file start_34.pdb (PDB, C-alpha atoms)
ATOM      1  CA  MET A   1      22.321 -64.942  -3.234
ATOM      2  CA  SER A   2      23.336 -61.546  -1.870
ATOM      3  CA  SER A   3      26.275 -61.105   0.463
ATOM      4  CA  ILE A   4      27.582 -58.163   2.406
ATOM      5  CA  LEU A   5      31.069 -59.738   2.572
ATOM      6  CA  THR A   6      31.653 -60.492  -1.106
ATOM      7  CA  ASN A   7      30.306 -58.228  -3.827
ATOM      8  CA  ASN A   8      30.936 -60.160  -7.042
ATOM      9  CA  SER A   9      29.196 -57.574  -9.190
ATOM     10  CA  ALA A  10      31.431 -54.808  -7.850
ATOM     11  CA  MET A  11      34.569 -56.895  -8.407
ATOM     12  CA  ASN A  12      33.604 -57.620 -12.000
ATOM     13  CA  ALA A  13      32.766 -53.991 -12.616
ATOM     14  CA  LEU A  14      36.059 -52.911 -11.046
ATOM     15  CA  THR A  15      38.033 -55.319 -13.242
ATOM     16  CA  THR A  16      36.285 -54.004 -16.334
ATOM     17  CA  LEU A  17      36.970 -50.413 -15.318
ATOM     18  CA  ARG A  18      40.646 -51.160 -14.727
ATOM     19  CA  ASN A  19      40.973 -52.736 -18.178
ATOM     20  CA  VAL A  20      39.241 -49.790 -19.790
ATOM     21  CA  ASN A  21      41.475 -47.313 -17.951
ATOM     22  CA  SER A  22      44.573 -49.271 -18.988
ATOM     23  CA  ASN A  23      43.518 -49.286 -22.636
ATOM     24  CA  LEU A  24      42.655 -45.597 -22.391
ATOM     25  CA  ASN A  25      46.119 -44.793 -21.011
ATOM     26  CA  ASP A  26      47.749 -46.747 -23.847
ATOM     27  CA  THR A  27      45.655 -44.904 -26.407
ATOM     28  CA  GLN A  28      46.469 -41.518 -24.901
ATOM     29  CA  THR A  29      50.174 -42.428 -24.959
ATOM     30  CA  ARG A  30      49.988 -43.351 -28.651
ATOM     31  CA  ILE A  31      48.169 -40.112 -29.416
ATOM     32  CA  SER A  32      50.605 -37.943 -27.446
ATOM     33  CA  THR A  33      53.735 -39.595 -28.905
ATOM     34  CA  GLY A  34      52.337 -40.370 -32.348
ATOM     35  CA  MET A  35      53.794 -43.876 -32.094
ATOM     36  CA  LYS A  36      52.140 -47.228 -31.571
ATOM     37  CA  VAL A  37      55.478 -48.909 -30.748
ATOM     38  CA  ASN A  38      57.219 -46.847 -28.093
ATOM     39  CA  SER A  39      59.299 -49.612 -26.560
ATOM     40  CA  ALA A  40      60.183 -53.260 -26.983
ATOM     41  CA  LYS A  41      57.266 -54.318 -24.771
ATOM     42  CA  ASP A  42      54.773 -52.937 -27.307
ATOM     43  CA  ASN A  43      56.087 -55.063 -30.193
ATOM     44  CA  ALA A  44      59.518 -56.629 -29.782
ATOM     45  CA  SER A  45      59.929 -57.586 -33.448
ATOM     46  CA  TYR A  46      58.934 -54.216 -34.868
ATOM     47  CA  PHE A  47      61.010 -52.432 -32.237
ATOM     48  CA  SER A  48      64.152 -54.381 -33.178
ATOM     49  CA  ILE A  49      63.660 -53.896 -36.923
ATOM     50  CA  SER A  50      62.820 -50.211 -36.596
ATOM     51  CA  GLU A  51      65.861 -49.464 -34.437
ATOM     52  CA  THR A  52      68.137 -51.192 -36.966
ATOM     53  CA  MET A  53      66.602 -49.253 -39.837
ATOM     54  CA  LYS A  54      66.852 -45.995 -37.886
ATOM     55  CA  SER A  55      70.544 -46.701 -37.385
ATOM     56  CA  GLU A  56      71.062 -47.252 -41.108
ATOM     57  CA  SER A  57      69.109 -44.111 -41.906
ATOM     58  CA  GLY A  58      71.275 -42.098 -39.525
ATOM     59  CA  MET A  59      74.468 -43.472 -41.059
ATOM     60  CA  ASN A  60      73.246 -42.649 -44.565
ATOM     61  CA  LYS A  61      72.476 -39.082 -43.506
ATOM     62  CA  ALA A  62      75.941 -38.713 -41.984
ATOM     63  CA  ILE A  63      77.615 -40.069 -45.113
ATOM     64  CA  GLY A  64      75.487 -37.760 -47.248
ATOM     65  CA  GLU A  65      76.739 -34.798 -45.248
ATOM     66  CA  GLY A  66      80.314 -36.013 -45.688
ATOM     67  CA  LEU A  67      79.748 -36.335 -49.436
ATOM     68  CA  THR A  68      78.731 -32.684 -49.499
ATOM     69  CA  LEU A  69      82.215 -31.688 -48.393
ATOM     70  CA  SER A  70      83.846 -34.032 -50.899
ATOM     71  CA  LYS A  71      81.593 -32.788 -53.677
ATOM     72  CA  ASN A  72      82.443 -29.163 -52.937
ATOM     73  CA  SER A  73      86.172 -29.933 -52.977
ATOM     74  CA  VAL A  74      85.869 -31.752 -56.297
ATOM     75  CA  ALA A  75      83.609 -29.040 -57.747
ATOM     76  CA  THR A  76      86.101 -26.352 -56.794
ATOM     77  CA  ALA A  77      88.943 -28.322 -58.347
ATOM     78  CA  ARG A  78      86.872 -28.905 -61.489
ATOM     79  CA  LEU A  79      86.189 -25.198 -61.780
ATOM     80  CA  GLY A  80      89.909 -24.508 -61.536
ATOM     81  CA  ALA A  81      90.693 -27.178 -64.107
ATOM     82  CA  GLU A  82      88.079 -25.860 -66.538
ATOM     83  CA  THR A  83      89.484 -22.364 -66.111
ATOM     84  CA  LEU A  84      92.882 -23.759 -66.978
ATOM     85  CA  VAL A  85      91.404 -25.418 -70.083
ATOM     86  CA  ASP A  86      90.212 -22.030 -71.343
ATOM     87  CA  LEU A  87      93.530 -20.353 -70.565
ATOM     88  CA  ALA A  88      95.507 -23.256 -72.033
ATOM     89  CA  GLN A  89      93.470 -23.067 -75.230
ATOM     90  CA  GLN A  90      94.303 -19.382 -75.493
ATOM     91  CA  PHE A  91      97.950 -20.253 -74.845
ATOM     92  CA  VAL A  92      97.999 -22.799 -77.669
ATOM     93  CA  ASP A  93      96.267 -20.352 -79.987
ATOM     94  CA  ARG A  94      98.888 -17.692 -79.325
ATOM     95  CA  VAL A  95     101.741 -20.167 -79.885
ATOM     96  CA  ALA A  96     100.094 -21.251 -83.135
ATOM     97  CA  PHE A  97      99.781 -17.605 -84.129
ATOM     98  CA  ALA A  98     103.495 -17.137 -83.476
ATOM     99  CA  GLN A  99     104.236 -19.762 -86.157
ATOM    100  CA  THR A 100     103.392 -17.169 -88.792
ATOM    101  CA  GLU A 101     106.376 -15.447 -90.292
ATOM    102  CA  GLY A 102     106.701 -11.798 -89.436
ATOM    103  CA  VAL A 103     104.900 -11.991 -86.078
ATOM    104  CA  ASN A 104     106.571 -10.159 -83.210
ATOM    105  CA  GLN A 105     107.445 -13.132 -81.054
ATOM    106  CA  ALA A 106     108.451 -10.999 -78.086
ATOM    107  CA  ASP A 107     104.976  -9.481 -77.883
ATOM    108  CA  VAL A 108     103.400 -12.921 -78.160
ATOM    109  CA  GLN A 109     105.684 -14.123 -75.368
ATOM    110  CA  LYS A 110     104.348 -11.363 -73.133
ATOM    111  CA  GLU A 111     100.853 -12.717 -73.697
ATOM    112  CA  LEU A 112     102.041 -16.235 -72.923
ATOM    113  CA  THR A 113     103.686 -15.082 -69.705
ATOM    114  CA  SER A 114     100.457 -13.349 -68.654
ATOM    115  CA  LEU A 115      98.425 -16.475 -69.416
ATOM    116  CA  SER A 116     100.840 -18.606 -67.386
ATOM    117  CA  ALA A 117     100.463 -16.242 -64.418
ATOM    118  CA  GLN A 118      96.655 -16.485 -64.663
ATOM    119  CA  MET A 119      96.909 -20.283 -64.742
ATOM    120  CA  SER A 120      99.075 -20.270 -61.626
ATOM    121  CA  ASN A 121      96.593 -18.051 -59.781
ATOM    122  CA  ALA A 122      93.682 -20.280 -60.813
ATOM    123  CA  VAL A 123      95.457 -23.387 -59.474
ATOM    124  CA  GLN A 124      96.359 -21.769 -56.168
ATOM    125  CA  GLN A 125      92.825 -20.476 -55.630
ATOM    126  CA  SER A 126      91.067 -23.767 -56.449
ATOM    127  CA  SER A 127      90.904 -24.706 -52.779
ATOM    128  CA  PHE A 128      87.897 -25.620 -50.623
ATOM    129  CA  ASN A 129      88.177 -25.933 -46.864
ATOM    130  CA  GLY A 130      91.952 -26.067 -47.170
ATOM    131  CA  GLU A 131      91.933 -28.911 -49.721
ATOM    132  CA  ASN A 132      93.288 -28.309 -53.212
ATOM    133  CA  LEU A 133      92.992 -31.275 -55.547
ATOM    134  CA  VAL A 134      94.901 -29.697 -58.443
ATOM    135  CA  SER A 135      97.942 -28.379 -56.599
ATOM    136  CA  THR A 136     101.263 -30.088 -55.998
ATOM    137  CA  ALA A 137     100.648 -30.207 -52.244
ATOM    138  CA  GLY A 138      97.172 -31.626 -52.763
ATOM    139  CA  ASN A 139      98.566 -34.500 -54.832
ATOM    140  CA  ALA A 140     101.563 -35.212 -52.611
ATOM    141  CA  GLY A 141      99.999 -38.487 -51.481
ATOM    142  CA  GLY A 142      99.256 -39.644 -55.014
ATOM    143  CA  SER A 143      96.565 -38.998 -57.591
ATOM    144  CA  ALA A 144      94.272 -41.885 -56.593
ATOM    145  CA  ARG A 145      91.392 -40.719 -54.426
ATOM    146  CA  SER A 146      88.450 -42.481 -52.792
ATOM    147  CA  VAL A 147      85.373 -41.155 -51.038
ATOM    148  CA  VAL A 148      83.099 -43.217 -48.777
ATOM    149  CA  SER A 149      79.756 -43.299 -50.558
ATOM    150  CA  GLY A 150      77.602 -45.548 -48.388
ATOM    151  CA  ILE A 151      77.159 -48.423 -45.975
ATOM    152  CA  SER A 152      76.123 -51.954 -46.927
ATOM    153  CA  ARG A 153      74.936 -54.522 -44.399
ATOM    154  CA  ASN A 154      76.004 -58.137 -44.715
ATOM    155  CA  GLY A 155      74.224 -59.879 -41.874
ATOM    156  CA  ALA A 156      75.614 -58.350 -38.702
ATOM    157  CA  ALA A 157      78.674 -56.938 -40.500
ATOM    158  CA  LEU A 158      78.821 -53.474 -42.018
ATOM    159  CA  GLU A 159      80.887 -52.624 -45.077
ATOM    160  CA  THR A 160      81.614 -49.290 -46.734
ATOM    161  CA  THR A 161      81.261 -48.558 -50.430
ATOM    162  CA  LYS A 162      83.534 -46.030 -52.124
ATOM    163  CA  ILE A 163      83.771 -43.781 -55.160
ATOM    164  CA  ASN A 164      87.244 -43.835 -56.721
ATOM    165  CA  PHE A 165      88.649 -41.106 -58.945
ATOM    166  CA  THR A 166      91.989 -39.564 -59.909
ATOM    167  CA  THR A 167      93.330 -36.054 -59.678
ATOM    168  CA  THR A 168      96.121 -34.320 -61.595
ATOM    169  CA  ASP A 169      98.880 -32.044 -60.367
ATOM    170  CA  LEU A 170      98.037 -29.076 -62.593
ATOM    171  CA  GLU A 171     100.453 -26.879 -60.706
ATOM    172  CA  ALA A 172     103.288 -28.934 -62.232
ATOM    173  CA  VAL A 173     101.690 -28.537 -65.674
ATOM    174  CA  VAL A 174     101.560 -24.760 -65.265
ATOM    175  CA  GLY A 175     105.088 -24.597 -63.870
ATOM    176  CA  ASP A 176     106.963 -21.987 -61.905
ATOM    177  CA  THR A 177     106.292 -18.594 -63.432
ATOM    178  CA  SER A 178     109.361 -17.152 -61.697
ATOM    179  CA  ALA A 179     111.733 -19.536 -63.493
ATOM    180  CA  ASN A 180     113.289 -18.555 -66.796
ATOM    181  CA  ALA A 181     113.960 -22.041 -68.135
ATOM    182  CA  ALA A 182     112.943 -22.473 -71.762
ATOM    183  CA  ASP A 183     112.786 -26.267 -71.820
ATOM    184  CA  ASN A 184     109.095 -26.722 -72.687
ATOM    185  CA  THR A 185     108.463 -28.774 -69.530
ATOM    186  CA  SER A 186     105.480 -26.639 -68.508
ATOM    187  CA  PHE A 187     103.440 -23.705 -69.731
ATOM    188  CA  ALA A 188     105.661 -21.291 -67.810
ATOM    189  CA  ASN A 189     108.789 -22.806 -69.354
ATOM    190  CA  ILE A 190     107.731 -22.198 -72.943
ATOM    191  CA  ASP A 191     109.651 -19.244 -74.347
ATOM    192  CA  ILE A 192     109.273 -18.253 -77.989
ATOM    193  CA  SER A 193     110.673 -14.754 -77.789
ATOM    194  CA  ALA A 194     113.735 -15.727 -79.857
ATOM    195  CA  ALA A 195     112.701 -19.148 -81.172
ATOM    196  CA  ASP A 196     113.321 -20.405 -84.675
ATOM    197  CA  ALA A 197     110.833 -22.444 -86.698
ATOM    198  CA  THR A 198     111.891 -25.758 -85.180
ATOM    199  CA  GLN A 199     111.653 -24.382 -81.645
ATOM    200  CA  LEU A 200     108.248 -22.860 -82.405
ATOM    201  CA  GLU A 201     106.966 -26.237 -83.561
ATOM    202  CA  ALA A 202     108.326 -27.906 -80.412
ATOM    203  CA  ALA A 203     106.701 -25.224 -78.267
ATOM    204  CA  LEU A 204     103.370 -25.726 -80.020
ATOM    205  CA  THR A 205     103.574 -29.492 -79.547
ATOM    206  CA  ALA A 206     104.380 -29.101 -75.859
ATOM    207  CA  ALA A 207     101.593 -26.566 -75.306
ATOM    208  CA  ASN A 208      99.070 -28.843 -77.000
ATOM    209  CA  THR A 209     100.216 -31.771 -74.841
ATOM    210  CA  PHE A 210      99.695 -29.686 -71.713
ATOM    211  CA  LEU A 211      96.258 -28.673 -72.975
ATOM    212  CA  THR A 212      95.372 -32.349 -73.351
ATOM    213  CA  SER A 213      96.514 -33.030 -69.782
ATOM    214  CA  VAL A 214      94.474 -30.142 -68.402
ATOM    215  CA  THR A 215      91.401 -31.215 -70.373
ATOM    216  CA  SER A 216      91.743 -34.787 -69.128
ATOM    217  CA  ALA A 217      92.035 -33.557 -65.535
ATOM    218  CA  ALA A 218      88.900 -31.431 -65.879
ATOM    219  CA  THR A 219      87.049 -34.408 -67.378
ATOM    220  CA  ASP A 220      88.057 -36.741 -64.532
ATOM    221  CA  LEU A 221      86.980 -34.211 -61.922
ATOM    222  CA  GLY A 222      83.669 -33.644 -63.702
ATOM    223  CA  ILE A 223      82.970 -37.392 -63.762
ATOM    224  CA  ALA A 224      83.841 -37.667 -60.069
ATOM    225  CA  GLU A 225      81.585 -34.742 -59.165
ATOM    226  CA  LYS A 226      78.692 -36.295 -61.093
ATOM    227  CA  GLN A 227      79.219 -39.629 -59.333
ATOM    228  CA  ILE A 228      79.163 -37.968 -55.926
ATOM    229  CA  GLU A 229      76.084 -35.938 -56.838
ATOM    230  CA  THR A 230      74.236 -39.038 -58.052
ATOM    231  CA  GLN A 231      75.205 -40.915 -54.885
ATOM    232  CA  GLN A 232      73.917 -38.047 -52.749
ATOM    233  CA  ASP A 233      70.556 -38.189 -54.500
ATOM    234  CA  PHE A 234      70.437 -41.949 -54.021
ATOM    235  CA  LEU A 235      71.269 -41.689 -50.303
ATOM    236  CA  SER A 236      68.598 -39.023 -49.865
ATOM    237  CA  ASN A 237      65.955 -41.211 -51.514
ATOM    238  CA  LEU A 238      67.171 -44.288 -49.646
ATOM    239  CA  THR A 239      66.934 -42.454 -46.328
ATOM    240  CA  ASP A 240      63.381 -41.382 -47.176
ATOM    241  CA  ARG A 241      62.431 -44.990 -47.938
ATOM    242  CA  LEU A 242      63.959 -46.241 -44.689
ATOM    243  CA  ASP A 243      62.198 -43.556 -42.663
ATOM    244  CA  SER A 244      58.935 -44.369 -44.421
ATOM    245  CA  GLY A 245      59.381 -48.068 -43.651
ATOM    246  CA  VAL A 246      60.061 -47.329 -39.985
ATOM    247  CA  GLY A 247      57.029 -45.075 -39.841
ATOM    248  CA  SER A 248      54.726 -47.731 -41.254
ATOM    249  CA  MET A 249      55.798 -50.083 -38.452
ATOM    250  CA  VAL A 250      55.878 -47.808 -35.408
ATOM    251  CA  ASP A 251      53.740 -44.752 -36.202
ATOM    252  CA  ALA A 252      50.220 -44.632 -34.812
ATOM    253  CA  ASP A 253      47.184 -44.380 -37.083
ATOM    254  CA  MET A 254      45.740 -41.159 -35.678
ATOM    255  CA  GLU A 255      42.277 -41.648 -37.216
ATOM    256  CA  GLU A 256      42.049 -45.090 -35.653
ATOM    257  CA  GLU A 257      43.355 -43.827 -32.321
ATOM    258  CA  ALA A 258      40.848 -40.960 -32.292
ATOM    259  CA  ALA A 259      37.963 -43.380 -32.828
ATOM    260  CA  ARG A 260      39.345 -45.735 -30.159
ATOM    261  CA  LEU A 261      39.707 -42.840 -27.707
ATOM    262  CA  GLN A 262      36.048 -41.865 -28.031
ATOM    263  CA  SER A 263      34.969 -45.485 -27.645
ATOM    264  CA  LEU A 264      37.088 -45.990 -24.522
ATOM    265  CA  GLN A 265      35.843 -42.755 -22.975
ATOM    266  CA  VAL A 266      32.260 -44.006 -23.351
ATOM    267  CA  GLN A 267      33.251 -47.408 -21.937
ATOM    268  CA  GLN A 268      34.925 -45.671 -19.009
ATOM    269  CA  GLN A 269      31.766 -43.749 -18.198
ATOM    270  CA  LEU A 270      29.613 -46.863 -18.447
ATOM    271  CA  SER A 271      32.038 -48.919 -16.342
ATOM    272  CA  THR A 272      32.085 -46.227 -13.700
ATOM    273  CA  GLN A 273      28.277 -46.174 -13.619
ATOM    274  CA  SER A 274      28.175 -49.984 -13.456
ATOM    275  CA  LEU A 275      30.584 -49.984 -10.505
ATOM    276  CA  SER A 276      28.486 -47.369  -8.761
ATOM    277  CA  ILE A 277      25.375 -49.503  -9.185
ATOM    278  CA  ALA A 278      27.195 -52.628  -7.967
ATOM    279  CA  ASN A 279      28.398 -50.779  -4.858
ATOM    280  CA  GLN A 280      24.781 -49.966  -3.950
ATOM    281  CA  ALA A 281      23.890 -53.661  -3.565
ATOM    282  CA  PRO A 282      24.793 -53.794   0.184
ATOM    283  CA  GLN A 283      22.646 -50.707   0.711
ATOM    284  CA  ASN A 284      19.724 -52.542  -0.864
ATOM    285  CA  ILE A 285      20.205 -55.407   1.618
ATOM    286  CA  LEU A 286      20.183 -52.893   4.473
ATOM    287  CA  SER A 287      16.896 -51.467   3.226
ATOM    288  CA  LEU A 288      15.333 -54.917   3.611
ATOM    289  CA  PHE A 289      16.160 -54.907   7.317
ATOM    290  CA  ARG A 290      14.814 -51.410   7.638
ATOM    291  CA  SER A 291      11.540 -52.594   6.095
ATOM    292  CA  ALA A 292      11.401 -55.533   8.542
ATOM    293  CA  ASN A 293      11.847 -53.192  11.533
ATOM    294  CA  LEU A 294       9.070 -50.980  10.258
ATOM    295  CA  ASN A 295       6.691 -53.932   9.994
ATOM    296  CA  ASP A 296       7.492 -54.952  13.567
ATOM    297  CA  GLU A 297       6.665 -51.472  14.790
ATOM    298  CA  LEU A 298       3.362 -51.525  12.962
ATOM    299  CA  ILE A 299       2.420 -54.921  14.470
ATOM    300  CA  SER A 300       3.351 -54.453  18.128
ATOM    301  CA  GLY A 301       3.420 -50.730  18.667
ATOM    302  CA  PRO A 302       0.521 -48.362  19.676
ATOM    303  CA  LEU A 303      -1.632 -47.034  16.951
ATOM    304  CA  GLY A 304      -3.629 -43.864  17.541
ATOM    305  CA  GLY A 305      -3.927 -44.555  21.276
ATOM    306  CA  ARG A 306      -5.501 -48.027  20.717
ATOM    307  CA  ASN A 307      -4.162 -51.554  21.325
ATOM    308  CA  THR A 308      -3.506 -53.871  18.396
ATOM    309  CA  SER A 309      -3.681 -57.619  18.370
ATOM    310  CA  ILE A 310      -3.159 -60.319  15.783
ATOM    311  CA  VAL A 311      -5.987 -62.777  15.470
ATOM    312  CA  GLY A 312      -6.004 -65.626  13.012
ATOM    313  CA  THR A 313      -3.441 -66.844  10.605
ATOM    314  CA  ASP A 314      -4.011 -64.060   8.050
ATOM    315  CA  HIS A 315      -2.296 -61.531  10.366
ATOM    316  CA  SER A 316      -5.307 -59.200  10.140
ATOM    317  CA  LEU A 317      -5.350 -56.371  12.596
ATOM    318  CA  ARG A 318      -8.231 -55.834  14.990
ATOM    319  CA  LEU A 319      -8.694 -52.761  17.078
ATOM    320  CA  SER A 320     -10.111 -52.978  20.572
ATOM    321  CA  GLU A 321     -10.898 -50.388  23.178
TER     322      GLU A 321
END
call {"tool": "encode", "arguments": {"input": "start_34.pdb", "output": "structure tokens"}}
result
Amino acid sequence: MSSILTNNSAMNALTTLRNVNSNLNDTQTRISTGMKVNSAKDNASYFSISETMKSESGMNKAIGEGLTLSKNSVATARLGAETLVDLAQQFVDRVAFAQTEGVNQADVQKELTSLSAQMSNAVQQSSFNGENLVSTAGNAGGSARSVVSGISRNGAALETTKINFTTTDLEAVVGDTSANAADNTSFANIDISAADATQLEAALTAANTFLTSVTSAATDLGIAEKQIETQQDFLSNLTDRLDSGVGSMVDADMEEEAARLQSLQVQQQLSTQSLSIANQAPQNILSLFRSANLNDELISGPLGGRNTSIVGTDHSLRLSE
């Protein structure tokens, strides 16, 4: 049955076209943003998980940047400590040389004083961003140090992990080069210019003890730097894994979206054509009435100046004068 009041075919075609247009808009959004989950309405579960993982990734990146500063401070301190190891070794060698009878101890002392001054300069210059881990001021709060190395999640709670290491006040080991005390309490306080054999042995023992302290400090700083470096590499890889996991959940498959886009564009064209055809149905009904009016004109109207009449049941036309 055809109706001019209700066009069911047009309504069905319109519904189909609306669905196609909606799907096409969604596809174009995924293509333009590169994401298949743009908001919680797209996929609530994936959206929640991805946002949590993005947060963790961001925190790891921030901690990694903070570790860069800590690493540079430790690396600078290690360089200073290793420089002191070399200078301290030379210091011990010169004191050992002074043990030999006949050596001019005053000349050797000049070398020792010069080495002590170089040590003091190395300590004072081992500073990064205002932080000196081998100076007296840098160790005023104690030798125990800790650096935040990461974040661990325990349910809804977040906890920090730390790298612990110790530093050494090498400035105290070097001593005050301006002081003239000969009490063997630091490199600067070792004076062999007029020492006897017993004093030379005591000076050598003290210098070797200081060398051990400096070497230990350099070792501790090297271990700490390696720990921080390893943690940085781990955080970098961990961040990559988190970002990759987020991408697998929310990123759009561009090959699939491209194929879907072409399919929906064809469906859109076909739906539009179907709607156009359905909208022509009332016009087809009108053409029936136009045909009926034409038949009436042919039956009752004049034809070529002659009268027409219908005779018989077969509606045959007869012409009369």
call {"tool": "resolve_selection", "arguments": {"input": "start_34.pdb", "expression": "the PyMOL selection byres ((chain A and resi 161) around 10)", "output": "list in words"}}
result
Ser146, Val147, Val148, Ser149, Gly150, Ile151, Ser152, Glu159, Thr160, Lys162, Ile163 and Asn164 of chain A
call {"tool": "closest_residue", "arguments": {"input": "start_34.pdb", "among": "A:Gly58, A:Ser135, A:Thr27, A:Gly102", "to": "Gln265 of chain A", "atoms": "all atoms listed in the file"}}
result
A:Thr27
call {"tool": "residues_around", "arguments": {"input": "start_34.pdb", "residues": "Ser178 of chain A", "least_positions_apart": "2", "cutoff": "12 Å", "atoms": "only C-alpha atoms", "output": "PDB file with C-alpha atoms, keeping the file's coordinate frame"}}
result
ATOM      1  CA  THR A 113     103.686 -15.082 -69.705  1.00  0.00           C
ATOM      2  CA  SER A 114     100.457 -13.349 -68.654  1.00  0.00           C
ATOM      3  CA  SER A 116     100.840 -18.606 -67.386  1.00  0.00           C
ATOM      4  CA  ALA A 117     100.463 -16.242 -64.418  1.00  0.00           C
ATOM      5  CA  SER A 120      99.075 -20.270 -61.626  1.00  0.00           C
ATOM      6  CA  VAL A 174     101.560 -24.760 -65.265  1.00  0.00           C
ATOM      7  CA  GLY A 175     105.088 -24.597 -63.870  1.00  0.00           C
ATOM      8  CA  ASP A 176     106.963 -21.987 -61.905  1.00  0.00           C
ATOM      9  CA  ASN A 180     113.289 -18.555 -66.796  1.00  0.00           C
ATOM     10  CA  ALA A 181     113.960 -22.041 -68.135  1.00  0.00           C
ATOM     11  CA  ALA A 182     112.943 -22.473 -71.762  1.00  0.00           C
ATOM     12  CA  PHE A 187     103.440 -23.705 -69.731  1.00  0.00           C
ATOM     13  CA  ALA A 188     105.661 -21.291 -67.810  1.00  0.00           C
ATOM     14  CA  ASN A 189     108.789 -22.806 -69.354  1.00  0.00           C
TER      15      ASN A 189
END
call {"tool": "resolve_selection", "arguments": {"input": "start_34.pdb", "expression": "the PyMOL selection byres ((chain A and resi 217-234) around 9)", "output": "JSON, numbers by chain"}}
result
{"A": [63, 64, 65, 67, 68, 70, 71, 72, 74, 75, 77, 78, 79, 80, 81, 82, 84, 85, 134, 147, 149, 150, 163, 164, 165, 166, 167, 168, 169, 170, 212, 213, 214, 215, 216, 235, 236, 237, 238, 239]}
call {"tool": "write_last_selection", "arguments": {"input": "start_34.pdb", "atoms": "C-alpha atoms", "output": "short mmCIF file (atom, residue, chain, number, x, y, z; two decimals), keeping the file's coordinate frame"}}
result
data_model
loop_
_atom_site.label_atom_id
_atom_site.label_comp_id
_atom_site.auth_asym_id
_atom_site.auth_seq_id
_atom_site.Cartn_x
_atom_site.Cartn_y
_atom_site.Cartn_z
CA ILE A 63 77.61 -40.07 -45.11
CA GLY A 64 75.49 -37.76 -47.25
CA GLU A 65 76.74 -34.80 -45.25
CA LEU A 67 79.75 -36.34 -49.44
CA THR A 68 78.73 -32.68 -49.50
CA SER A 70 83.85 -34.03 -50.90
CA LYS A 71 81.59 -32.79 -53.68
CA ASN A 72 82.44 -29.16 -52.94
CA VAL A 74 85.87 -31.75 -56.30
CA ALA A 75 83.61 -29.04 -57.75
CA ALA A 77 88.94 -28.32 -58.35
CA ARG A 78 86.87 -28.90 -61.49
CA LEU A 79 86.19 -25.20 -61.78
CA GLY A 80 89.91 -24.51 -61.54
CA ALA A 81 90.69 -27.18 -64.11
CA GLU A 82 88.08 -25.86 -66.54
CA LEU A 84 92.88 -23.76 -66.98
CA VAL A 85 91.40 -25.42 -70.08
CA VAL A 134 94.90 -29.70 -58.44
CA VAL A 147 85.37 -41.16 -51.04
CA SER A 149 79.76 -43.30 -50.56
CA GLY A 150 77.60 -45.55 -48.39
CA ILE A 163 83.77 -43.78 -55.16
CA ASN A 164 87.24 -43.84 -56.72
CA PHE A 165 88.65 -41.11 -58.94
CA THR A 166 91.99 -39.56 -59.91
CA THR A 167 93.33 -36.05 -59.68
CA THR A 168 96.12 -34.32 -61.60
CA ASP A 169 98.88 -32.04 -60.37
CA LEU A 170 98.04 -29.08 -62.59
CA THR A 212 95.37 -32.35 -73.35
CA SER A 213 96.51 -33.03 -69.78
CA VAL A 214 94.47 -30.14 -68.40
CA THR A 215 91.40 -31.22 -70.37
CA SER A 216 91.74 -34.79 -69.13
CA LEU A 235 71.27 -41.69 -50.30
CA SER A 236 68.60 -39.02 -49.86
CA ASN A 237 65.96 -41.21 -51.51
CA LEU A 238 67.17 -44.29 -49.65
CA THR A 239 66.93 -42.45 -46.33
#
call {"tool": "resolve_selection", "arguments": {"input": "start_34.pdb", "expression": "the PyMOL selection byres ((chain A and resi 112) around 12)", "output": "count of residues only"}}
result
39
call {"tool": "atom_distance", "arguments": {"input": "start_34.pdb", "atom1": "atom CA of Ser22 of chain A", "atom2": "atom CA of Thr52 of chain A"}}
result
29.7 Å
call {"tool": "closest_residue", "arguments": {"input": "start_34.pdb", "among": "A:Ala62, A:Ala281, A:Met249, A:Leu264", "to": "Ile49 of chain A", "atoms": "all atoms listed in the file"}}
result
A:Met249
call {"tool": "axis_aligned_box", "arguments": {"input": "start_34.pdb", "around": "segment 73-82 of chain A", "padding_each_side": "5 Å", "output": "lines of an AutoDock Vina configuration file"}}
result
center_x = 87.2
center_y = -28.1
center_z = -59.8
size_x = 17.1
size_y = 17.2
size_z = 23.6
call {"tool": "closest_residue", "arguments": {"input": "start_34.pdb", "among": "A:Asn104, A:Asn23, A:Asn7, A:Ser57", "to": "Ala194 of chain A", "atoms": "all atoms listed in the file"}}
result
A:Asn104
